[in-house]
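First up is the structure itself, then whatever we jot down about it.
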Amino acid sequence: MAFAFPPTAYEIKSPRLVIRTPTVADAGAFIELLGNVKNLPLGETGAMKDLTIDSISVRIEKWRKLASEGRGPFLAVALRHTDEVIGYMAFNCFRTKDEYEGTEPEREHPLPGPEGRYLTDLGIVMDHRHRRKGYSSEVICMASEFAFNSLGCQVVRMETGIANEPWRSLMRSMGFGAIEEKGAVSYAERPIGWLYKVDKITWQQTERNLKANEKWPL
C-alpha cells in the first residue's frame, strides 16, 4: 500500500525502538525531557520551566494537530518492548527544492505533494540517562530511512550548536565528517553551528558502509 501523507499517526520501528506519535499518557516523560537541562544538547541551557501534566498535554495535542496538517511532526522515541519514552525527535520542517536553495521564501504550511517534501530537517534529543547506548544513531537511521523511502525526501538535514562536540563525534562515526559545514543554522536567531546535508546517494553509501562495518542497527 502506498504511503499516505500526512499519516493518521506515525509509527517507525526498529528492533529496539519505536518512533511514534505522542499521547497525553507521555506527558510525564516529556516534563523530564524538556525540563531537565541535562537533556539539552551540549552548549544549550534553555530548559523549559514550570511544566505541568496539563501544560504538556496541551502541547502534545498541538503537536498532533500540526502533524495531521502535514507540518513538521514532533514524535516520541520509546523502547519498543516497554514503550518507555526515552527521547524525542522531529521532522522539523518540510521544504521544496527552491525553498531549500533559497530561491523562494519558506512557507508556513508545506506545499502539498512530494515536491513539498524535497528536504526535511531532523532534530533528536535523548534522555541523558539513556545515552551512550547507540540509540541516537539508531534514531537517525530509522528517521532517515523513513524520510527517503516513505516521505519521498531527497535531502535530510541535521544541525547543532557550535559547542556540541558529542554530536559532531556521532556524525563522524556515521561517516558524515566529510559533509560537515560550519555556518548559520536554521533555528532560533540563526547562530553559527554545524550543518549536515545528507542527500539520497550519500545516505545509500552510508547504509552500505554501516552494514559492511556491522554497525547497521535496523
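Going through the C-alpha cells in order, the chains are called A, B, and so on, while each chain numbers its residues from 1 and the ligands are numbered from 1 in the order shown.
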| task | Write out as a PyMOL selection string each polymer residue whose atoms come within 6 Å of range 187-201 of chain A, counting only C-alpha atoms; drop sequence neighbours fewer than 6 positions from it. | result | chain A and resi 154-162+180-181
| request: Please run DSSP on the backbone and report, as a PyMOL selection string, all residues within range 54-182 of chain A that come out as alpha helix (DSSP H). | output: chain A and resi 54-68+97-101+135-146+165-173
For the contact check between range 82-135 of chain A and range 147-152 of chain A, emit one row per residue of range 82-135 of chain A within 12 Å, containing the shortest atom pair and the distance in Å rounded to one decimal, counting only C-alpha atoms, chain then rising number order, as JSON lines.
{"residue": "A:Ala90", "atom": "CA", "partner": "A:Ala147", "partner_atom": "CA", "distance": 11.3}
{"residue": "A:Phe91", "atom": "CA", "partner": "A:Ala147", "partner_atom": "CA", "distance": 8.6}
{"residue": "A:Asn92", "atom": "CA", "partner": "A:Ala147", "partner_atom": "CA", "distance": 11.9}
{"residue": "A:Cys93", "atom": "CA", "partner": "A:Ala147", "partner_atom": "CA", "distance": 11.6}
{"residue": "A:Phe94", "atom": "CA", "partner": "A:Leu151", "partner_atom": "CA", "distance": 9.9}
{"residue": "A:Arg95", "atom": "CA", "partner": "A:Gly152", "partner_atom": "CA", "distance": 11.7}
{"residue": "A:Thr96", "atom": "CA", "partner": "A:Gly152", "partner_atom": "CA", "distance": 11.5}
{"residue": "A:Pro112", "atom": "CA", "partner": "A:Leu151", "partner_atom": "CA", "distance": 11.9}
{"residue": "A:Gly113", "atom": "CA", "partner": "A:Gly152", "partner_atom": "CA", "distance": 9.4}
{"residue": "A:Pro114", "atom": "CA", "partner": "A:Gly152", "partner_atom": "CA", "distance": 6.1}
{"residue": "A:Glu115", "atom": "CA", "partner": "A:Gly152", "partner_atom": "CA", "distance": 8.6}
{"residue": "A:Gly116", "atom": "CA", "partner": "A:Gly152", "partner_atom": "CA", "distance": 9.6}
{"residue": "A:Arg117", "atom": "CA", "partner": "A:Gly152", "partner_atom": "CA", "distance": 6.7}
{"residue": "A:Tyr118", "atom": "CA", "partner": "A:Gly152", "partner_atom": "CA", "distance": 7.2}
{"residue": "A:Leu119", "atom": "CA", "partner": "A:Ala147", "partner_atom": "CA", "distance": 8.9}
{"residue": "A:Thr120", "atom": "CA", "partner": "A:Ala147", "partner_atom": "CA", "distance": 7.5}
{"residue": "A:Asp121", "atom": "CA", "partner": "A:Ala147", "partner_atom": "CA", "distance": 9.6}
{"residue": "A:Leu122", "atom": "CA", "partner": "A:Ala147", "partner_atom": "CA", "distance": 9.5}
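Proximity of A:Ile179, A:Ile140, A:Val18, A:Val125 to Leu42 in chain A, computed with only C-alpha atoms, is greatest for A:Val125.
Compared by their closest atoms to Pro166 in chain A, and using only C-alpha atoms, the residues A:Ala143, A:Leu40, A:Ala67, A:Val185 rank with A:Leu40 nearest.
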| Atom-to-atom span, CA of Arg64 in chain A and CA of Leu111 in chain A, Å | 19.0 Å
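In this structure, CA of Glu214 in chain A sits 26.5 Å away from CA of Asn164 in chain A.
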| task | Would you work out the distance separating CA of Ala76 in chain A from CA of Leu210 in chain A, expressed in Å to one decimal? | result | 25.0 Å
Could you list, with a cut-off of 10 Å and counting only C-alpha atoms, the residues of range 105-144 of chain A near range 168-176 of chain A, each shown with its nearest atom pair and the distance in Å rounded to one decimal, rows sorted by chain and ascending number, as a tab-separated table?
residue	atom	partner	partner_atom	distance
A:Gly134	CA	A:Leu170	CA	9.6
A:Ser136	CA	A:Leu170	CA	8.3
A:Ser137	CA	A:Leu170	CA	7.3
A:Ile140	CA	A:Met174	CA	9.6
A:Cys141	CA	A:Met174	CA	9.7
Shell of 7 Å around Ala9 in chain A, only C-alpha atoms, local chain residues under 2 positions omitted, as a PDB file with N, CA, C and O atoms, in the first residue's frame:
ATOM      1  N   PRO A   7       0.122  10.951   7.536  1.00  0.00           N
ATOM      2  CA  PRO A   7      -0.480   9.738   8.092  1.00  0.00           C
ATOM      3  C   PRO A   7      -1.400  10.063   9.265  1.00  0.00           C
ATOM      4  O   PRO A   7      -1.289  11.124   9.886  1.00  0.00           O
ATOM      5  N   GLU A  11       4.440   5.809  13.107  1.00  0.00           N
ATOM      6  CA  GLU A  11       4.989   4.670  13.842  1.00  0.00           C
ATOM      7  C   GLU A  11       6.123   4.085  13.003  1.00  0.00           C
ATOM      8  O   GLU A  11       5.893   3.496  11.953  1.00  0.00           O
ATOM      9  N   THR A  21       3.800   8.816  17.260  1.00  0.00           N
ATOM     10  CA  THR A  21       3.041   9.989  17.655  1.00  0.00           C
ATOM     11  C   THR A  21       2.856   9.978  19.172  1.00  0.00           C
ATOM     12  O   THR A  21       2.461   8.956  19.742  1.00  0.00           O
TER      13      THR A  21
END
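In terms of minimum interatomic distance to Gly28 in chain A, A:Asp54 ranks closest within A:Glu165, A:Asp83, A:Glu44, A:Asp54, counting only C-alpha atoms.
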| task | Determine which residues of chain A receive a DSSP assignment of strand (DSSP E), computed from the backbone, and state them as a ChimeraX atom specification. | result | /A:11-13,17-20,74-79,85-95,119-126,155-161,180-184,192-199
| Which one is closest to Val24 in chain A: A:Ile53, A:Ala47, A:Cys153, A:Leu66? Count only C-alpha atoms. | A:Ile53
| request: Please identify all polymer residues within 10 Å of Gly35 in chain A, counting only C-alpha atoms, omitting same-chain residues fewer than 6 positions from it, and present them as JSON, numbers by chain. | output: {"A": [29, 46, 47, 48, 49, 50, 51]}
